[in-house]
Amino acid sequence: MNSSKQIKLGAMLSYFTIAFNIVAGLIYTPWMISQIGQINYGLYTLATSLITIFVMDFGMSAAVTRFVAKYNAAGEQESINNFLGIVYKLYLLIDALILTVLVIVYFFIDTLYSQLTLEEIEIFKVLYIIVGLFSIISFPFTNLNGILNAYEKFIQLKFCDLFNKASTIVAVVVLLLLGYGIYALVLVNAIAGLITILLKLIIIRKQTPTRVNFKFFNKSILKEIFGFSMWTTVGSLAQRLIFNITPSIIAVVSITGSVGVAIFGLASTIEGYVYMVATAINGMFMARISKMIHDGKKDTDLLPLMTKIGRIQCMIVGLIIVGFISVGKSFIIYVWNKLDFAESYLCAVFLIIPSFFYLPMQIANTTLIVENKVKLQAYVFVIMGVLNIFCSFVLSKYFGALGASISIFIAYMVRTVLMAIIYKKVLHIDMKTFCKETFFKISPYLILSIAAGYLAEKYNPIAPGVIRFGINGLIVIAVFAVLMLLFFMNKYEKNLIFGILKKFKTLIIKK
């Protein structure tokens with residue numbers, strides 16, 4: 001299957017997987033929380049976030065994606081095999097270091113989370129061990145996605161992601177219905193993750209020419225990897241000063257404790273959905289951008305590609321943000337029936353708004369990686385991370401999860417502005433033209449859609465509940481769709497939408 005078909009079908013499968021994740025999350029997550037309890041959900045979020053702080057690959061996964069795509073664009077298969085041989089050795093070394101750190105941290109859990117009760121500490125320790133063991137086992141395989149992307153095996157990769165999510169949800173639902181609790185939830189996630197890793201290994205073995213040369217070693221390649229990974233590591237560390245460390249800050253400084261962590265956890269889950277949707281197709285362009293640069297066509301082809309993808313992402317992210325701002329609170333309170341999570345609505349609003357401005361520019365971010373200019377990105381992420389920690393300690397103390405969300409909002413907006421400057425000054429992208437064709441053109445219609453949602457929420461005579469939420473949600477979607485079709489979409493985008501609808505219609509008729 002050629003590259004274009006892989007991208008198109010992979011993108012469709014990716015969006016289907018994301019739609020499944022969102023729908024399943026909106027239904028499954030509140031049900032799961034009701035089964036295990038708000039406190040246990042908070043402890044699960046806390047354990048996962050703490051482990052993730054330390055389980056980092058020091059930029060190795062980004063290095064794999066960048067170098068494999070680069071070598072593959074130049075047709076250097078032997079270089080890929082040799083490169084991966086060095087990478088796997090480094091992964092095992094890093095894995096041993098992470099295991100040592102996690103063991104040491106375990107003995108300080110009581111001191112770190114003194115505001116938790118003794119019972120909560122005991123549960124947290126078990127969760128920490130399970131999540132930690134899975135992280136150690138799975139860590140050396142974090143490069144598999146990069147390999148599959150480099151060889152443009154997008155359909156296979158997205159199928160694995162769908163399998164992982166679907167199998168996890170089904171297994172968790174069954175076990176919780178049988179009376180098993182929070183530990184079953186964590187174990188199922190770990191087992192499904194390991195099976196998914198096995199599937200990816202089989203696909204790479206059967207469908208790519210990759211044969212890792214474990215015997216190979218070269219100091220110059222090792223030096224090149226470290227040169228790239230060092231700055232990626234700095235960026236990764238800074239990223240961890242956002243969502244991964246925030247639950248711990250809330251638990252340490254806020255009187256809300258595990259409840260505040262749970263509220264933030266739900267809000268960050270919603271932000272995660274937005275991120276998944278907007279970045280669903282970005283990884284598919286690493287190989288194309290590498291070839292574009294290799295062929296010397298960056299100056300002519302990059303801005304059109306970035307604008308094309310950016311406009312699509314603006315519509316997708318814009319619809320999600322408009323929909324959530326309009327009816328998100330009603331959904332949480334009346335559909336989920338989670339009045340105690342009402343604060344998560346406002347937290348999520350602060351978390352997702354920066355995504356509208358940052359995520360449509362990801363093609364430029366991918367170009368920074370391909371051109372090995374991640375040092376500049378790292379500088380920006382450090383500023384973002386330090387700013388977030390400072391603001392979080394101050395605001396979380398007085399406002400709990402909401403204060404933490406406002407802190408992230410401030411840090412994210414600063415990041416977006418600084419990265420836009422880098423794209424203009426370093427990559428020489430005409431950001432004025434890009435912003436004009438994306439953010440400026442779509443913004444009036446987003447505001448009108450939110451206004452329609454506000455009026456629907458205020459004047460809909462139906463009593464609050466599922467039906468009222470559904471009607472108001474459809475009103476927002478309809479208004480947004482009409483505005484996009486009439487005033488924002490260009491010919492390419494309309495053909496893309498109607499082409500997809502035509503294919504679905506054909507499939508339905510055949511059935």
# chains A, B, ... in the order shown; residues from 1 in each chain; ligands from 1
>>> residues_around(residues="segment 168-173 of chain A", least_positions_apart="6", cutoff="10 Å", atoms="only C-alpha atoms", output="VMD selection string")
chain A and resid 21 24 to 25 28 to 29 31 to 32 35 162 180 to 182 184 to 193
>>> select_by_dssp(residues="segment 93-182 of chain A", states="alpha helix (DSSP H)", output="PDB file with C-alpha atoms, in the first residue's frame")
ATOM      1  CA  LEU A  93      20.961   0.945  30.759  1.00  0.00           C
ATOM      2  CA  ILE A  94      18.404   3.716  31.355  1.00  0.00           C
ATOM      3  CA  ASP A  95      15.839   1.109  32.441  1.00  0.00           C
ATOM      4  CA  ALA A  96      18.177  -0.090  35.196  1.00  0.00           C
ATOM      5  CA  LEU A  97      18.677   3.492  36.419  1.00  0.00           C
ATOM      6  CA  ILE A  98      14.907   4.133  36.493  1.00  0.00           C
ATOM      7  CA  LEU A  99      14.313   0.953  38.486  1.00  0.00           C
ATOM      8  CA  THR A 100      16.860   2.107  41.082  1.00  0.00           C
ATOM      9  CA  VAL A 101      15.192   5.513  41.417  1.00  0.00           C
ATOM     10  CA  LEU A 102      11.692   4.031  41.737  1.00  0.00           C
ATOM     11  CA  VAL A 103      12.825   1.700  44.512  1.00  0.00           C
ATOM     12  CA  ILE A 104      14.366   4.605  46.436  1.00  0.00           C
ATOM     13  CA  VAL A 105      11.235   6.774  46.011  1.00  0.00           C
ATOM     14  CA  TYR A 106       9.057   3.940  47.344  1.00  0.00           C
ATOM     15  CA  ILE A 109       6.130   7.723  50.015  1.00  0.00           C
ATOM     16  CA  ASP A 110       4.958   8.206  53.618  1.00  0.00           C
ATOM     17  CA  THR A 111       6.981  11.401  53.903  1.00  0.00           C
ATOM     18  CA  LEU A 112       6.056  12.786  50.483  1.00  0.00           C
ATOM     19  CA  LEU A 118      -2.809   5.487  56.485  1.00  0.00           C
ATOM     20  CA  GLU A 119      -5.332   3.477  54.464  1.00  0.00           C
ATOM     21  CA  GLU A 120      -4.795   5.673  51.415  1.00  0.00           C
ATOM     22  CA  ILE A 121      -1.018   5.293  51.777  1.00  0.00           C
ATOM     23  CA  GLU A 122      -1.311   1.494  51.775  1.00  0.00           C
ATOM     24  CA  ILE A 123      -3.475   1.471  48.647  1.00  0.00           C
ATOM     25  CA  PHE A 124      -1.171   3.969  46.978  1.00  0.00           C
ATOM     26  CA  LYS A 125       1.897   1.805  47.629  1.00  0.00           C
ATOM     27  CA  VAL A 126       0.338  -1.238  45.943  1.00  0.00           C
ATOM     28  CA  LEU A 127      -0.707   0.859  42.951  1.00  0.00           C
ATOM     29  CA  TYR A 128       2.794   2.329  42.787  1.00  0.00           C
ATOM     30  CA  ILE A 129       4.361  -1.140  42.645  1.00  0.00           C
ATOM     31  CA  ILE A 130       2.050  -2.418  39.893  1.00  0.00           C
ATOM     32  CA  VAL A 131       2.372   0.677  37.712  1.00  0.00           C
ATOM     33  CA  GLY A 132       6.115   0.809  38.353  1.00  0.00           C
ATOM     34  CA  LEU A 133       6.733  -2.811  37.318  1.00  0.00           C
ATOM     35  CA  PHE A 134       4.757  -2.371  34.111  1.00  0.00           C
ATOM     36  CA  SER A 135       6.681   0.800  33.313  1.00  0.00           C
ATOM     37  CA  ILE A 136      10.031  -0.929  33.800  1.00  0.00           C
ATOM     38  CA  ILE A 137       9.055  -3.897  31.602  1.00  0.00           C
ATOM     39  CA  SER A 138       7.544  -1.788  28.817  1.00  0.00           C
ATOM     40  CA  LEU A 144       8.208   0.888  18.501  1.00  0.00           C
ATOM     41  CA  ASN A 145       5.806   3.668  17.494  1.00  0.00           C
ATOM     42  CA  GLY A 146       8.693   5.636  15.998  1.00  0.00           C
ATOM     43  CA  ILE A 147       9.761   2.656  13.901  1.00  0.00           C
ATOM     44  CA  LEU A 148       6.233   2.026  12.611  1.00  0.00           C
ATOM     45  CA  ASN A 149       5.775   5.726  11.800  1.00  0.00           C
ATOM     46  CA  ALA A 150       9.086   5.887   9.960  1.00  0.00           C
ATOM     47  CA  PHE A 154       0.007   3.897  10.144  1.00  0.00           C
ATOM     48  CA  ILE A 155      -2.910   1.479   9.765  1.00  0.00           C
ATOM     49  CA  GLN A 156      -1.161  -1.223  11.777  1.00  0.00           C
ATOM     50  CA  LEU A 157      -0.083   1.247  14.449  1.00  0.00           C
ATOM     51  CA  LYS A 158      -3.558   2.715  14.895  1.00  0.00           C
ATOM     52  CA  PHE A 159      -5.074  -0.774  15.024  1.00  0.00           C
ATOM     53  CA  CYS A 160      -2.767  -1.627  17.931  1.00  0.00           C
ATOM     54  CA  ASP A 161      -3.833   1.543  19.738  1.00  0.00           C
ATOM     55  CA  LEU A 162      -7.514   0.667  19.217  1.00  0.00           C
ATOM     56  CA  PHE A 163      -6.959  -2.886  20.426  1.00  0.00           C
ATOM     57  CA  ASN A 164      -5.183  -1.648  23.545  1.00  0.00           C
ATOM     58  CA  LYS A 165      -7.990   0.725  24.518  1.00  0.00           C
ATOM     59  CA  ALA A 166     -10.910  -1.561  23.633  1.00  0.00           C
ATOM     60  CA  SER A 167      -9.497  -4.639  25.345  1.00  0.00           C
ATOM     61  CA  THR A 168      -8.662  -2.622  28.462  1.00  0.00           C
ATOM     62  CA  ILE A 169     -12.170  -1.202  28.791  1.00  0.00           C
ATOM     63  CA  VAL A 170     -13.887  -4.542  28.201  1.00  0.00           C
ATOM     64  CA  ALA A 171     -11.687  -6.352  30.721  1.00  0.00           C
ATOM     65  CA  VAL A 172     -12.004  -3.624  33.362  1.00  0.00           C
ATOM     66  CA  VAL A 173     -15.801  -3.520  33.038  1.00  0.00           C
ATOM     67  CA  VAL A 174     -16.054  -7.294  33.431  1.00  0.00           C
ATOM     68  CA  LEU A 175     -13.749  -7.409  36.453  1.00  0.00           C
ATOM     69  CA  LEU A 176     -15.390  -4.464  38.215  1.00  0.00           C
ATOM     70  CA  LEU A 177     -18.828  -6.035  37.675  1.00  0.00           C
ATOM     71  CA  ILE A 182      -8.872  -0.667  41.985  1.00  0.00           C
TER      72      ILE A 182
END
>>> residues_around(residues="segment 399-409 of chain A", least_positions_apart="5", cutoff="7 Å", atoms="only C-alpha atoms", output="number ranges by chain")
A: 242, 246, 250, 254, 256, 260-261, 263-264, 347, 350-351, 354, 388, 391-392
>>> residues_around(residues="Phe469 of chain A", least_positions_apart="6", cutoff="8 Å", atoms="only C-alpha atoms", output="count of residues only")
4
>>> residues_around(residues="Met286 of chain A", least_positions_apart="5", cutoff="12 Å", atoms="only C-alpha atoms", output="VMD selection string")
chain A and resid 7 62 64 to 70 72 to 73 145 to 152 154 281 291 to 293 362 to 371
>>> write_last_selection(atoms="N, CA and C atoms", output="compact mmCIF listing (two decimals), in the first residue's frame")
# COMPACT_ATOMS: atom_id res chain seq x y z
N ILE A 7 -1.59 7.03 4.75
CA ILE A 7 -1.90 8.24 5.52
C ILE A 7 -3.41 8.43 5.62
N ALA A 62 12.32 10.07 20.88
CA ALA A 62 12.35 11.13 19.87
C ALA A 62 13.53 10.94 18.92
N VAL A 64 14.89 8.05 18.09
CA VAL A 64 14.55 6.94 17.21
C VAL A 64 13.66 7.42 16.07
N THR A 65 12.62 8.18 16.40
CA THR A 65 11.71 8.68 15.37
C THR A 65 12.46 9.52 14.36
N ARG A 66 13.29 10.42 14.85
CA ARG A 66 13.98 11.34 13.95
C ARG A 66 15.01 10.64 13.06
N PHE A 67 15.87 9.79 13.66
CA PHE A 67 16.95 9.18 12.89
C PHE A 67 16.46 8.08 11.96
N VAL A 68 15.49 7.28 12.40
CA VAL A 68 14.95 6.23 11.53
C VAL A 68 14.26 6.86 10.33
N ALA A 69 13.48 7.93 10.55
CA ALA A 69 12.83 8.62 9.44
C ALA A 69 13.87 9.21 8.49
N LYS A 70 14.94 9.76 9.05
CA LYS A 70 16.00 10.37 8.23
C LYS A 70 16.70 9.31 7.38
N ASN A 72 15.62 6.33 6.60
CA ASN A 72 14.67 5.69 5.69
C ASN A 72 14.42 6.58 4.46
N ALA A 73 14.37 7.91 4.66
CA ALA A 73 14.19 8.83 3.54
C ALA A 73 15.36 8.75 2.57
N ASN A 145 6.65 2.75 18.27
CA ASN A 145 5.81 3.67 17.49
C ASN A 145 6.63 4.46 16.48
N GLY A 146 7.82 4.88 16.90
CA GLY A 146 8.69 5.64 16.00
C GLY A 146 9.10 4.81 14.79
N ILE A 147 9.38 3.53 15.01
CA ILE A 147 9.76 2.66 13.90
C ILE A 147 8.59 2.48 12.93
N LEU A 148 7.41 2.22 13.47
CA LEU A 148 6.23 2.03 12.61
C LEU A 148 5.89 3.30 11.85
N ASN A 149 6.03 4.45 12.49
CA ASN A 149 5.78 5.73 11.80
C ASN A 149 6.78 5.96 10.68
N ALA A 150 8.04 5.66 10.96
CA ALA A 150 9.09 5.89 9.96
C ALA A 150 8.85 5.06 8.70
N TYR A 151 8.31 3.85 8.87
CA TYR A 151 8.02 2.99 7.72
C TYR A 151 6.59 3.18 7.21
N GLU A 152 5.90 4.19 7.78
CA GLU A 152 4.55 4.57 7.36
C GLU A 152 3.56 3.41 7.49
N PHE A 154 0.95 3.16 9.31
CA PHE A 154 0.01 3.90 10.14
C PHE A 154 -1.23 3.06 10.48
N ILE A 281 -2.87 12.96 13.43
CA ILE A 281 -2.22 12.76 12.13
C ILE A 281 -0.82 13.35 12.05
N LYS A 291 11.66 13.68 3.97
CA LYS A 291 11.91 13.61 2.53
C LYS A 291 11.89 15.00 1.90
N MET A 292 10.97 15.85 2.38
CA MET A 292 10.86 17.21 1.87
C MET A 292 12.18 17.97 2.08
N ILE A 293 12.75 17.82 3.27
CA ILE A 293 14.02 18.48 3.58
C ILE A 293 15.16 17.84 2.80
N GLN A 362 1.69 21.99 14.92
CA GLN A 362 2.57 20.86 15.19
C GLN A 362 3.42 20.43 14.00
N ILE A 363 3.01 20.75 12.78
CA ILE A 363 3.86 20.44 11.63
C ILE A 363 5.19 21.19 11.75
N ALA A 364 5.12 22.42 12.22
CA ALA A 364 6.35 23.20 12.43
C ALA A 364 7.20 22.58 13.54
N ASN A 365 6.54 22.08 14.57
CA ASN A 365 7.26 21.45 15.67
C ASN A 365 7.97 20.17 15.19
N THR A 366 7.29 19.41 14.33
CA THR A 366 7.90 18.21 13.75
C THR A 366 9.12 18.58 12.92
N THR A 367 9.05 19.69 12.22
CA THR A 367 10.18 20.16 11.41
C THR A 367 11.38 20.50 12.28
N LEU A 368 11.14 21.08 13.45
CA LEU A 368 12.23 21.36 14.38
C LEU A 368 12.96 20.08 14.76
N ILE A 369 12.20 19.01 14.98
CA ILE A 369 12.79 17.72 15.36
C ILE A 369 13.60 17.16 14.20
N VAL A 370 13.03 17.18 13.00
CA VAL A 370 13.72 16.65 11.82
C VAL A 370 15.03 17.39 11.58
N GLU A 371 15.03 18.71 11.77
CA GLU A 371 16.23 19.52 11.52
C GLU A 371 17.17 19.58 12.73
>>> closest_residue(among="A:Leu237, A:Leu43, A:Leu92, A:Val253", to="Tyr183 of chain A", atoms="only C-alpha atoms")
A:Leu43
>>> closest_atom_pairs(of="segment 43-128 of chain A", to="segment 207-210 of chain A", cutoff="10 Å", atoms="only C-alpha atoms", output="tab-separated table")
residue	atom	partner	partner_atom	distance
A:Gln77	CA	A:Thr210	CA	7.4
A:Glu78	CA	A:Thr210	CA	8.6
A:Ile80	CA	A:Thr210	CA	7.3
A:Asn81	CA	A:Thr210	CA	6.1
A:Asn82	CA	A:Thr210	CA	9.8
A:Leu84	CA	A:Thr210	CA	8.9
>>> write_last_selection(atoms="C-alpha atoms", output="compact mmCIF listing (two decimals), in the first residue's frame")
# COMPACT_ATOMS: atom_id res chain seq x y z
CA GLN A 77 18.43 0.39 5.84
CA GLU A 78 21.72 -0.89 7.25
CA ILE A 80 18.72 1.90 10.69
CA ASN A 81 19.61 -1.62 11.88
CA ASN A 82 22.92 -0.43 13.33
CA LEU A 84 18.64 0.55 16.66
>>> closest_residue(among="A:Asn143, A:Thr45, A:Thr300, A:Thr416", to="Ile197 of chain A", atoms="only C-alpha atoms")
A:Asn143
>>> residues_around(residues="Lys441 of chain A", least_positions_apart="4", cutoff="8 Å", atoms="only C-alpha atoms", output="PDB file with C-alpha atoms, in the first residue's frame")
ATOM      1  CA  LYS A 436      -4.434  34.696   9.163  1.00  0.00           C
ATOM      2  CA  GLU A 437      -5.513  31.534   7.329  1.00  0.00           C
ATOM      3  CA  PHE A 488     -14.549  29.025   6.478  1.00  0.00           C
TER       4      PHE A 488
END
>>> closest_residue(among="A:Ile389, A:Leu319, A:Leu13, A:Ala342", to="Ile477 of chain A", atoms="only C-alpha atoms")
A:Leu319
